[in-house]
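To be precise, the following lines are upload.txt, and they hold compact mmCIF, C-alpha atoms.
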# COMPACT_ATOMS: atom_id res chain seq x y z
CA MET A 1 -11.08 -17.29 26.14
CA HIS A 2 -8.94 -19.59 24.04
CA VAL A 3 -5.82 -17.71 22.97
CA CYS A 4 -6.38 -18.31 19.23
CA LEU A 5 -9.86 -16.86 19.48
CA GLU A 6 -8.46 -13.90 21.37
CA LEU A 7 -5.79 -13.32 18.71
CA PHE A 8 -8.47 -13.40 16.07
CA ALA A 9 -10.70 -10.98 17.97
CA VAL A 10 -7.93 -8.50 18.79
CA PHE A 11 -6.60 -8.37 15.25
CA ALA A 12 -10.09 -8.15 13.78
CA LYS A 13 -10.62 -5.11 15.97
CA ILE A 14 -7.33 -3.62 14.80
CA GLY A 15 -8.26 -4.31 11.17
CA ALA A 16 -11.69 -2.80 11.57
CA PHE A 17 -10.66 0.45 13.24
CA THR A 18 -7.51 1.66 11.53
CA PHE A 19 -7.67 3.83 8.48
CA GLY A 20 -4.70 4.37 6.21
CA GLY A 21 -3.06 0.97 6.54
CA GLY A 22 0.16 -0.33 8.08
CA TYR A 23 1.74 2.51 9.98
CA ALA A 24 -1.57 3.73 11.35
CA MET A 25 -1.97 0.30 12.98
CA ILE A 26 1.28 0.37 14.91
CA PRO A 27 0.05 2.35 17.94
CA LEU A 28 -3.05 0.17 18.18
CA ILE A 29 -1.03 -3.05 17.94
CA GLN A 30 1.29 -1.70 20.60
CA ARG A 31 -1.58 -0.99 22.98
CA GLU A 32 -3.46 -4.23 22.40
CA ALA A 33 -0.61 -6.70 22.07
CA ALA A 34 2.06 -5.18 24.31
CA ALA A 35 0.56 -2.91 26.96
CA ARG A 36 -2.73 -4.71 27.56
CA ARG A 37 -2.00 -8.39 26.92
CA HIS A 38 1.78 -8.70 27.22
CA TRP A 39 1.97 -10.92 24.15
CA ILE A 40 5.12 -9.04 23.23
CA ARG A 41 7.37 -6.60 25.08
CA GLU A 42 7.20 -2.89 24.27
CA GLU A 43 10.71 -2.96 22.83
CA ASP A 44 9.81 -5.91 20.58
CA MET A 45 7.57 -3.53 18.69
CA LEU A 46 10.55 -1.81 17.05
CA ASP A 47 11.98 -5.15 15.92
CA ILE A 48 8.63 -6.19 14.54
CA LEU A 49 8.41 -2.96 12.63
CA ALA A 50 11.93 -3.40 11.23
CA ILE A 51 11.19 -6.97 10.18
CA ALA A 52 7.83 -6.01 8.69
CA GLU A 53 9.53 -3.33 6.63
CA SER A 54 12.27 -5.58 5.33
CA THR A 55 10.03 -8.49 4.36
CA PRO A 56 7.58 -8.33 1.47
CA GLY A 57 3.90 -7.61 1.89
CA PRO A 58 1.64 -5.27 3.83
CA ILE A 59 3.05 -4.25 7.21
CA ALA A 60 -0.20 -5.05 9.01
CA ILE A 61 -0.16 -8.64 7.75
CA ASN A 62 3.50 -9.07 8.66
CA ALA A 63 2.96 -7.79 12.18
CA ALA A 64 -0.16 -9.91 12.73
CA THR A 65 1.52 -13.09 11.48
CA PHE A 66 4.61 -12.42 13.59
CA ILE A 67 2.74 -11.76 16.84
CA GLY A 68 0.27 -14.60 16.26
CA ARG A 69 3.09 -17.07 15.76
CA LYS A 70 4.92 -15.86 18.83
CA VAL A 71 1.85 -16.27 21.02
CA ALA A 72 0.41 -19.53 19.70
CA GLY A 73 2.53 -21.00 16.89
CA VAL A 74 1.35 -21.46 13.33
CA ARG A 75 -2.27 -21.75 14.42
CA GLY A 76 -1.96 -18.41 16.21
CA ALA A 77 -0.41 -16.87 13.10
CA VAL A 78 -3.36 -18.03 11.00
CA CYS A 79 -5.90 -16.66 13.50
CA ALA A 80 -4.23 -13.25 13.81
CA THR A 81 -3.76 -12.89 10.05
CA VAL A 82 -7.30 -13.92 9.17
CA GLY A 83 -8.48 -11.56 11.88
CA VAL A 84 -6.66 -8.52 10.51
CA VAL A 85 -7.81 -9.24 6.94
CA LEU A 86 -11.45 -10.15 7.51
CA PRO A 87 -12.95 -6.70 8.30
CA SER A 88 -11.44 -5.15 5.15
CA PHE A 89 -12.59 -8.08 3.11
CA VAL A 90 -16.18 -7.82 4.27
CA ILE A 91 -16.34 -4.02 4.07
CA ILE A 92 -14.78 -3.79 0.61
CA SER A 93 -16.95 -6.58 -0.79
CA ALA A 94 -20.01 -4.65 0.34
CA ILE A 95 -18.66 -1.34 -0.97
CA SER A 96 -17.82 -2.76 -4.38
CA LEU A 97 -21.43 -3.89 -4.77
CA ALA A 98 -22.67 -0.47 -3.66
CA LEU A 99 -20.30 1.32 -6.05
CA GLN A 100 -21.47 -0.80 -8.95
CA ALA A 101 -25.07 0.03 -8.07
CA PHE A 102 -24.53 3.79 -7.75
CA GLN A 103 -21.80 4.60 -10.25
CA HIS A 104 -24.27 5.71 -12.92
CA LEU A 105 -25.56 8.55 -10.68
CA ARG A 106 -24.36 11.96 -11.75
CA ALA A 107 -23.49 13.06 -8.22
CA VAL A 108 -21.30 9.98 -7.75
CA ARG A 109 -19.56 10.56 -11.08
CA TYR A 110 -18.88 14.20 -10.19
CA ALA A 111 -17.67 13.24 -6.73
CA PHE A 112 -15.10 10.84 -8.15
CA TRP A 113 -14.15 13.40 -10.78
CA GLY A 114 -13.10 15.70 -7.94
CA ILE A 115 -11.66 12.92 -5.81
CA ARG A 116 -9.27 11.84 -8.56
CA ALA A 117 -7.49 15.18 -8.35
CA GLY A 118 -7.44 15.11 -4.55
CA VAL A 119 -6.02 11.59 -4.37
CA LEU A 120 -3.00 12.67 -6.40
CA ALA A 121 -2.27 15.21 -3.67
CA LEU A 122 -2.54 12.50 -1.00
CA ILE A 123 -0.07 10.27 -2.84
CA LEU A 124 2.23 13.26 -3.24
CA ARG A 125 2.05 13.87 0.50
CA ALA A 126 2.88 10.23 1.29
CA LEU A 127 5.72 10.28 -1.22
CA TRP A 128 7.16 13.42 0.34
CA SER A 129 7.16 11.94 3.84
CA LEU A 130 8.93 8.80 2.57
CA PHE A 131 11.42 11.01 0.76
CA THR A 132 12.25 13.12 3.82
CA LYS A 133 12.67 10.00 5.97
CA CYS A 134 14.97 8.26 3.50
CA HIS A 135 18.70 8.58 3.99
CA LYS A 136 19.96 10.63 1.05
CA ASP A 137 23.45 10.00 -0.25
CA ALA A 138 24.74 9.70 -3.81
CA PHE A 139 23.83 6.01 -3.97
CA SER A 140 20.24 6.30 -2.79
CA CYS A 141 19.59 9.36 -4.97
CA ALA A 142 20.88 7.45 -7.99
CA VAL A 143 18.67 4.44 -7.17
CA MET A 144 15.65 6.72 -6.78
CA ALA A 145 16.25 8.44 -10.12
CA LEU A 146 16.99 5.20 -11.97
CA ALA A 147 13.91 3.44 -10.58
CA LEU A 148 11.73 6.40 -11.56
CA ALA A 149 13.21 6.66 -15.07
CA ALA A 150 13.14 2.91 -15.68
CA VAL A 151 9.45 2.56 -14.89
CA ALA A 152 8.13 5.94 -16.10
CA PHE A 153 10.07 6.28 -19.36
CA PHE A 154 11.33 2.83 -20.30
CA ARG A 155 8.39 0.73 -19.05
CA VAL A 156 10.63 -1.66 -17.13
CA SER A 157 8.62 -3.91 -14.80
CA ALA A 158 8.50 -2.83 -11.16
CA ILE A 159 9.42 -6.37 -10.07
CA LEU A 160 12.64 -6.19 -12.06
CA VAL A 161 13.44 -2.79 -10.55
CA ILE A 162 12.85 -4.12 -7.01
CA ALA A 163 15.11 -7.12 -7.60
CA ALA A 164 17.84 -4.99 -9.19
CA ALA A 165 17.69 -2.42 -6.37
CA ALA A 166 18.04 -5.09 -3.69
CA LEU A 167 21.04 -6.55 -5.49
CA ALA A 168 22.62 -3.11 -6.00
CA GLY A 169 22.12 -2.37 -2.30
CA ILE A 170 23.86 -5.60 -1.29
CA VAL A 171 26.80 -4.96 -3.60
CA TYR A 172 27.09 -1.31 -2.57
CA SER A 173 27.07 -2.05 1.18
CA ARG A 174 29.69 -4.75 0.71
CA LEU A 175 31.96 -2.42 -1.26
CA ARG A 176 31.55 0.29 1.34
CA ARG A 177 32.40 -2.07 4.18
CA ARG A 178 35.48 -3.22 2.33
CA GLU A 179 36.54 0.37 1.77
CA GLU A 180 36.09 1.19 5.45
CA GLY A 181 38.06 -1.95 6.33
CA THR A 182 41.10 -1.00 4.27
CA ARG A 183 41.22 2.53 5.60
CA MET B 1 -8.90 -19.59 -15.39
CA ILE B 2 -9.66 -16.26 -13.80
CA TYR B 3 -9.43 -17.41 -10.16
CA LEU B 4 -5.96 -18.86 -10.58
CA GLU B 5 -4.88 -15.76 -12.48
CA LEU B 6 -6.14 -13.45 -9.74
CA PHE B 7 -4.39 -15.53 -7.11
CA ALA B 8 -1.10 -15.70 -9.04
CA THR B 9 -1.12 -11.99 -9.93
CA PHE B 10 -1.73 -10.81 -6.38
CA PHE B 11 0.72 -13.35 -5.01
CA ARG B 12 3.34 -11.70 -7.22
CA VAL B 13 2.28 -8.26 -6.03
CA GLY B 14 2.48 -9.35 -2.38
CA LEU B 15 5.86 -10.97 -2.87
CA PHE B 16 7.51 -7.93 -4.42
CA THR B 17 6.06 -5.12 -2.34
CA PHE B 18 8.25 -3.77 0.39
CA GLY B 19 7.11 -1.12 2.84
CA GLY B 20 3.36 -1.45 2.44
CA GLY B 21 0.79 1.14 1.45
CA TYR B 22 1.52 3.02 -1.73
CA ALA B 23 4.66 0.95 -2.37
CA MET B 24 2.26 -1.57 -3.85
CA LEU B 25 0.81 0.93 -6.29
CA PRO B 26 3.27 0.61 -9.19
CA LEU B 27 3.01 -3.18 -9.19
CA ILE B 28 -0.75 -3.27 -8.93
CA GLN B 29 -1.09 -0.61 -11.57
CA ARG B 30 0.94 -2.54 -14.12
CA GLU B 31 -0.61 -5.93 -13.43
CA VAL B 32 -4.18 -4.69 -13.27
CA LEU B 33 -3.88 -2.55 -16.42
CA ALA B 34 -2.13 -5.35 -18.33
CA HIS B 35 -4.99 -7.72 -17.52
CA GLY B 36 -7.58 -5.05 -18.30
CA TRP B 37 -9.19 -5.59 -14.89
CA LEU B 38 -9.49 -1.86 -14.11
CA THR B 39 -8.75 1.40 -15.96
CA GLN B 40 -6.34 4.07 -14.65
CA ALA B 41 -9.31 6.19 -13.56
CA GLU B 42 -10.85 3.25 -11.67
CA ILE B 43 -7.54 2.62 -9.91
CA ILE B 44 -7.46 6.21 -8.68
CA ASP B 45 -11.10 6.03 -7.59
CA PHE B 46 -10.29 2.94 -5.65
CA ILE B 47 -7.33 4.52 -3.90
CA ALA B 48 -9.83 7.01 -2.50
CA VAL B 49 -12.12 4.18 -1.35
CA GLY B 50 -9.15 2.36 0.20
CA GLU B 51 -8.11 5.51 2.05
CA SER B 52 -11.57 6.01 3.50
CA THR B 53 -12.17 2.43 4.63
CA PRO B 54 -10.39 0.66 7.46
CA GLY B 55 -7.76 -2.02 7.02
CA PRO B 56 -4.53 -2.51 5.07
CA PHE B 57 -4.57 -0.80 1.69
CA ALA B 58 -3.25 -3.89 -0.12
CA VAL B 59 -6.03 -6.08 1.21
CA ASN B 60 -8.65 -3.49 0.30
CA LEU B 61 -7.36 -3.16 -3.23
CA SER B 62 -7.00 -6.87 -3.93
CA THR B 63 -10.44 -7.62 -2.51
CA TYR B 64 -11.90 -4.92 -4.72
CA VAL B 65 -10.19 -6.04 -7.92
CA GLY B 66 -11.18 -9.66 -7.24
CA MET B 67 -14.75 -8.65 -6.53
CA VAL B 68 -15.27 -6.59 -9.71
CA THR B 69 -13.58 -9.13 -11.97
CA ALA B 70 -14.95 -12.40 -10.58
CA GLY B 71 -17.29 -11.80 -7.63
CA LEU B 72 -16.84 -13.11 -4.11
CA SER B 73 -14.72 -16.12 -5.09
CA GLY B 74 -12.50 -13.79 -7.10
CA ALA B 75 -12.12 -11.51 -4.09
CA LEU B 76 -11.18 -14.50 -1.96
CA CYS B 77 -8.52 -15.66 -4.43
CA ALA B 78 -6.98 -12.20 -4.89
CA THR B 79 -6.88 -11.51 -1.15
CA ALA B 80 -5.44 -14.92 -0.31
CA GLY B 81 -2.83 -14.27 -3.00
CA VAL B 82 -1.72 -10.92 -1.61
CA VAL B 83 -1.62 -12.16 2.00
CA LEU B 84 0.10 -15.50 1.52
CA PRO B 85 3.65 -14.33 0.65
CA SER B 86 3.85 -12.14 3.79
CA PHE B 87 2.44 -14.91 5.89
CA LEU B 88 4.89 -17.54 4.67
CA VAL B 89 7.92 -15.26 4.73
CA ILE B 90 7.19 -14.12 8.28
CA LEU B 91 6.76 -17.70 9.51
CA LEU B 92 10.15 -18.46 8.01
CA VAL B 93 11.83 -15.31 9.30
CA ALA B 94 10.39 -15.61 12.80
CA ARG B 95 12.31 -18.84 13.17
CA PHE B 96 15.62 -17.13 12.46
CA TYR B 97 14.59 -13.88 14.12
CA ASP B 98 17.97 -12.77 15.47
CA ARG B 99 19.98 -13.89 12.48
CA PHE B 100 17.61 -12.12 10.13
CA ARG B 101 17.63 -8.92 12.15
CA ARG B 102 21.41 -8.68 12.13
CA SER B 103 21.93 -10.01 8.61
CA ARG B 104 24.18 -7.81 6.49
CA LEU B 105 22.52 -9.18 3.39
CA VAL B 106 19.10 -7.95 4.51
CA GLU B 107 20.51 -4.61 5.61
CA GLY B 108 22.29 -4.21 2.28
CA ALA B 109 19.19 -5.09 0.29
CA MET B 110 17.22 -2.50 2.28
CA THR B 111 19.69 0.29 1.39
CA GLY B 112 18.73 -0.37 -2.23
CA LEU B 113 15.04 -1.08 -1.68
CA ARG B 114 14.13 2.01 0.33
CA PRO B 115 15.08 4.57 -2.34
CA ALA B 116 13.83 2.31 -5.16
CA VAL B 117 10.33 2.23 -3.65
CA ILE B 118 10.31 6.03 -3.60
CA GLY B 119 11.26 6.13 -7.29
CA LEU B 120 8.55 3.57 -8.08
CA ILE B 121 5.83 5.50 -6.27
CA ALA B 122 6.92 8.67 -8.06
CA ALA B 123 6.58 6.84 -11.38
CA ALA B 124 3.10 5.64 -10.46
CA LEU B 125 2.12 9.17 -9.44
CA LEU B 126 3.36 10.55 -12.79
CA SER B 127 1.29 8.12 -14.80
CA LEU B 128 -1.82 8.73 -12.69
CA GLY B 129 -1.26 12.49 -13.01
CA ARG B 130 -1.01 12.19 -16.77
CA GLU B 131 -4.36 10.39 -16.80
CA VAL B 132 -6.17 12.90 -14.59
CA PHE B 133 -4.76 16.13 -15.99
CA LEU B 134 -3.96 15.39 -19.63
CA ARG B 135 -6.27 12.61 -20.79
CA GLU B 136 -9.55 13.25 -18.99
CA GLN B 137 -9.93 16.83 -20.20
CA ALA B 138 -8.12 19.30 -22.43
CA LEU B 139 -5.44 21.55 -21.00
CA MET B 140 -6.48 25.02 -19.83
CA THR B 141 -10.22 24.36 -19.83
CA PRO B 142 -12.39 25.36 -16.82
CA ALA B 143 -12.51 21.68 -15.80
CA PHE B 144 -8.72 21.55 -15.83
CA ALA B 145 -8.56 24.69 -13.67
CA VAL B 146 -11.00 23.29 -11.10
CA ARG B 147 -9.00 20.09 -10.82
CA ALA B 148 -5.71 21.94 -10.54
CA GLY B 149 -7.33 23.96 -7.76
CA ILE B 150 -8.43 20.79 -5.94
CA LEU B 151 -4.92 19.35 -6.26
CA LEU B 152 -3.27 22.46 -4.82
CA LEU B 153 -5.81 22.91 -2.03
CA VAL B 154 -5.69 19.27 -0.93
CA ALA B 155 -1.89 19.22 -1.12
CA ALA B 156 -1.66 22.33 1.06
CA LEU B 157 -4.08 20.87 3.63
CA ALA B 158 -2.43 17.43 3.54
CA PHE B 159 0.90 19.01 4.43
CA ARG B 160 -0.85 20.62 7.39
CA LYS B 161 -1.82 17.11 8.47
CA VAL B 162 -5.54 17.33 7.80
CA HIS B 163 -6.98 13.80 7.83
CA PRO B 164 -7.09 12.08 4.40
CA ILE B 165 -10.76 11.13 4.79
CA LEU B 166 -11.70 14.78 5.26
CA LEU B 167 -9.66 15.70 2.21
CA ILE B 168 -11.36 13.05 0.08
CA ALA B 169 -14.75 14.33 1.25
CA LEU B 170 -13.67 17.88 0.39
CA SER B 171 -12.54 16.84 -3.11
CA ALA B 172 -15.81 15.00 -3.63
CA GLY B 173 -17.78 18.07 -2.51
CA ILE B 174 -15.93 20.38 -4.89
CA GLY B 175 -16.35 17.84 -7.68
CA ILE B 176 -20.11 17.61 -7.13
CA ALA B 177 -20.51 21.39 -6.87
CA ALA B 178 -18.43 22.03 -9.99
CA GLY B 179 -20.25 19.27 -11.85
CA PHE B 180 -23.72 20.62 -11.21
CA LEU B 181 -22.74 24.30 -11.59
CA PHE B 182 -20.79 24.03 -14.82
CA GLY B 183 -22.18 20.73 -16.15
CA LEU B 184 -18.74 19.23 -16.71

Full structure transcribed into structure tokens:
Amino acid sequence: MHVCLELFAVFAKIGAFTFGGGYAMIPLIQREAAARRHWIREEDMLDILAIAESTPGPIAINAATFIGRKVAGVRGAVCATVGVVLPSFVIISAISLALQAFQHLRAVRYAFWGIRAGVLALILRALWSLFTKCHKDAFSCAVMALALAAVAFFRVSAILVIAAAALAGIVYSRLRRREEGTR
Amino acid sequence: MIYLELFATFFRVGLFTFGGGYAMLPLIQREVLAHGWLTQAEIIDFIAVGESTPGPFAVNLSTYVGMVTAGLSGALCATAGVVLPSFLVILLVARFYDRFRRSRLVEGAMTGLRPAVIGLIAAALLSLGREVFLREQALMTPAFAVRAGILLLVAALAFRKVHPILLIALSAGIGIAAGFLFGL
């Protein structure tokens, strides 16, 4: 099979069978791209994850683009990325039509009434796991609190907060390095 | 022009989201509410749909918003918009792979971005919580109690690593039962 077609097929499979987005895809990507096809080495996976986390956009897209490019250049990147996106696109398009058709049913309205409360708990759970994984020093706690306050109470745009936080991080790391250098 | 607006909006969302998943929530929330494309309640409903369907959350959400605002072409524009920044940035970064990986600038930016994303998600959660618990029904009514119960139960199970899809099904079941029993 032509390698571009194979990239498309493998990433379409990954897109179609992982629930919960980015991180849930990592083990599958590892098995398909590293263990089975040797497109990347096992240890490359960690680098890919680090790069995917420090570049904008969904992790799944980042990983697909990166591996596709490595295997077959820009054309490979296009095939892998389209592959990982396509299943979601098709499924969600169908679901949105179904939702529009059924949303007037009482059972559906009640179901979503309950779901709305449950989803808050799921976000809380995800937030907690990010919080426990994050390195907590005075600087990062301050950034967390400021970002929360800025958006929740002062309606600052999230984009502005992201840009300011990146800048603050750069300045802070530079100052800390300088301090360590003089000691 | 709605198509261009969908593309530009989701391009912005894709460009400024770091870390994937819920990190995108605060941006999407603001943009989508400002345009009047979805209500707060619809956003929450869609999070549940996104959690119970395969694929990256961001792609699911942008496809959905595009679809309900401008049909299939709208979905195509929104999805292309959210995917394109990642795609272009990765093509660029892959070229300077080693330099990027060891860049102090990138590492520094990440020390600020990681905690900021947590603060942003917390802010999004607060505003969604306000909607569900304070706006959709009065405080201390039976409906409020049922929902508080769902929240606590699902939170407890989620921390015991029960699968999100099961938890969404459970919340839906309780919602349907409560709805028909008490006529909410």

Neighbours of chain A in chain B at 6 Å, counting only C-alpha atoms, as a compact mmCIF listing (two decimals) with C-alpha atoms, keeping the file's coordinate frame:
# COMPACT_ATOMS: atom_id res chain seq x y z
CA GLY B 14 2.48 -9.35 -2.38
CA LEU B 15 5.86 -10.97 -2.87
CA PHE B 16 7.51 -7.93 -4.42
CA THR B 17 6.06 -5.12 -2.34
CA PHE B 18 8.25 -3.77 0.39
CA GLY B 19 7.11 -1.12 2.84
CA GLY B 20 3.36 -1.45 2.44
CA LEU B 27 3.01 -3.18 -9.19
CA ILE B 44 -7.46 6.21 -8.68
CA GLU B 51 -8.11 5.51 2.05
CA PRO B 54 -10.39 0.66 7.46
CA GLY B 55 -7.76 -2.02 7.02
CA PRO B 56 -4.53 -2.51 5.07
CA PHE B 57 -4.57 -0.80 1.69
CA ASN B 60 -8.65 -3.49 0.30
CA SER B 86 3.85 -12.14 3.79
CA PHE B 87 2.44 -14.91 5.89
CA GLY B 108 22.29 -4.21 2.28
CA ALA B 109 19.19 -5.09 0.29
CA THR B 111 19.69 0.29 1.39
CA GLY B 112 18.73 -0.37 -2.23
CA LEU B 113 15.04 -1.08 -1.68
CA PRO B 115 15.08 4.57 -2.34
CA ALA B 116 13.83 2.31 -5.16
CA GLY B 119 11.26 6.13 -7.29
CA LEU B 120 8.55 3.57 -8.08
CA ALA B 123 6.58 6.84 -11.38
CA ARG B 147 -9.00 20.09 -10.82
CA ILE B 150 -8.43 20.79 -5.94
CA LEU B 151 -4.92 19.35 -6.26
CA VAL B 154 -5.69 19.27 -0.93
CA ALA B 155 -1.89 19.22 -1.12
CA ILE B 168 -11.36 13.05 0.08
CA SER B 171 -12.54 16.84 -3.11
CA ALA B 172 -15.81 15.00 -3.63
CA GLY B 175 -16.35 17.84 -7.68
CA ILE B 176 -20.11 17.61 -7.13
CA GLY B 179 -20.25 19.27 -11.85

**Report entry** Test item: residues at most 10 Å from Thr69 in chain B, only C-alpha atoms, excluding those fewer than 4 positions along its chain, as a PyMOL selection string
**Finding:** chain B and resi 2-3+6+36-38+64-65+73-75

Query raised in the report: Any idea what the distance is between CA of Leu152 in chain B and CA of Gln40 in chain B?
Result: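 Spanning CA of Leu152 in chain B to CA of Gln40 in chain B is a straight-line distance of 21.1 Å.
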
Query - Atom pair CA of Arg75 in chain A / CA of Gly66 in chain B: separation (Å) - result: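 If I compute the distance from CA of Arg75 in chain A to CA of Gly66 in chain B, I get 26.4 Å.
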
Report summary line: Correct to one decimal, the distance CA of Phe154 in chain A-CA of Leu139 in chain B is 25.1 Å

Report summary line: Closest of B:Ala8, B:Val89, B:Val83, B:Ala48 to Leu170 in chain B, counting all atoms listed in the file, is B:Ala48

Residue contacts of Ala124 in chain B (8 Å, only C-alpha atoms) excluding same-chain residues fewer than 5 positions away, as a compact mmCIF listing (two decimals) with C-alpha atoms, in the frame of the given file:
# COMPACT_ATOMS: atom_id res chain seq x y z
CA ALA A 152 8.13 5.94 -16.10
CA LEU B 25 0.81 0.93 -6.29
CA PRO B 26 3.27 0.61 -9.19
CA GLN B 29 -1.09 -0.61 -11.57

Query raised in the report: From the list B:Ile174, B:Met24, B:Leu76, B:Ile90, which residue is nearest Ile47 in chain B when using only C-alpha atoms?
Result: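 Using only C-alpha atoms, the shortest distance to Ile47 in chain B belongs to B:Met24.
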
Mind completing range 26-46 of chain B with N, CA and C atoms? Output as a short mmCIF file (atom, residue, chain, number, x, y, z; two decimals), in the coordinates of the input, please?
data_model
loop_
_atom_site.label_atom_id
_atom_site.label_comp_id
_atom_site.auth_asym_id
_atom_site.auth_seq_id
_atom_site.Cartn_x
_atom_site.Cartn_y
_atom_site.Cartn_z
N PRO B 26 2.72 0.83 -7.86
CA PRO B 26 3.27 0.61 -9.19
C PRO B 26 3.06 -0.82 -9.69
N LEU B 27 3.19 -1.79 -8.80
CA LEU B 27 3.01 -3.18 -9.19
C LEU B 27 1.57 -3.47 -9.56
N ILE B 28 0.67 -3.03 -8.69
CA ILE B 28 -0.75 -3.27 -8.93
C ILE B 28 -1.18 -2.61 -10.22
N GLN B 29 -0.72 -1.37 -10.39
CA GLN B 29 -1.09 -0.61 -11.57
C GLN B 29 -0.75 -1.38 -12.84
N ARG B 30 0.49 -1.84 -12.91
CA ARG B 30 0.94 -2.54 -14.12
C ARG B 30 0.17 -3.83 -14.35
N GLU B 31 0.04 -4.63 -13.29
CA GLU B 31 -0.61 -5.93 -13.43
C GLU B 31 -2.08 -5.78 -13.81
N VAL B 32 -2.74 -4.85 -13.09
CA VAL B 32 -4.18 -4.69 -13.27
C VAL B 32 -4.50 -4.09 -14.64
N LEU B 33 -3.67 -3.14 -15.09
CA LEU B 33 -3.88 -2.55 -16.42
C LEU B 33 -3.58 -3.57 -17.51
N ALA B 34 -2.51 -4.36 -17.31
CA ALA B 34 -2.13 -5.35 -18.33
C ALA B 34 -3.25 -6.38 -18.52
N HIS B 35 -3.91 -6.74 -17.41
CA HIS B 35 -4.99 -7.72 -17.52
C HIS B 35 -6.31 -7.08 -17.96
N GLY B 36 -6.34 -5.74 -17.96
CA GLY B 36 -7.58 -5.05 -18.30
C GLY B 36 -8.65 -5.18 -17.21
N TRP B 37 -8.22 -5.40 -15.97
CA TRP B 37 -9.19 -5.59 -14.89
C TRP B 37 -9.79 -4.26 -14.44
N LEU B 38 -8.99 -3.21 -14.43
CA LEU B 38 -9.49 -1.86 -14.11
C LEU B 38 -8.82 -0.88 -15.06
N THR B 39 -9.41 0.33 -15.21
CA THR B 39 -8.75 1.40 -15.96
C THR B 39 -7.96 2.26 -14.97
N GLN B 40 -7.09 3.15 -15.51
CA GLN B 40 -6.34 4.07 -14.65
C GLN B 40 -7.28 4.84 -13.73
N ALA B 41 -8.38 5.37 -14.34
CA ALA B 41 -9.31 6.19 -13.56
C ALA B 41 -9.91 5.36 -12.41
N GLU B 42 -10.26 4.11 -12.71
CA GLU B 42 -10.85 3.25 -11.67
C GLU B 42 -9.85 2.97 -10.56
N ILE B 43 -8.57 2.84 -10.93
CA ILE B 43 -7.54 2.62 -9.91
C ILE B 43 -7.50 3.81 -8.95
N ILE B 44 -7.50 5.01 -9.53
CA ILE B 44 -7.46 6.21 -8.68
C ILE B 44 -8.70 6.29 -7.79
N ASP B 45 -9.87 6.01 -8.39
CA ASP B 45 -11.10 6.03 -7.59
C ASP B 45 -10.96 5.06 -6.43
N PHE B 46 -10.37 3.91 -6.72
CA PHE B 46 -10.29 2.94 -5.65
C PHE B 46 -9.30 3.32 -4.57
#
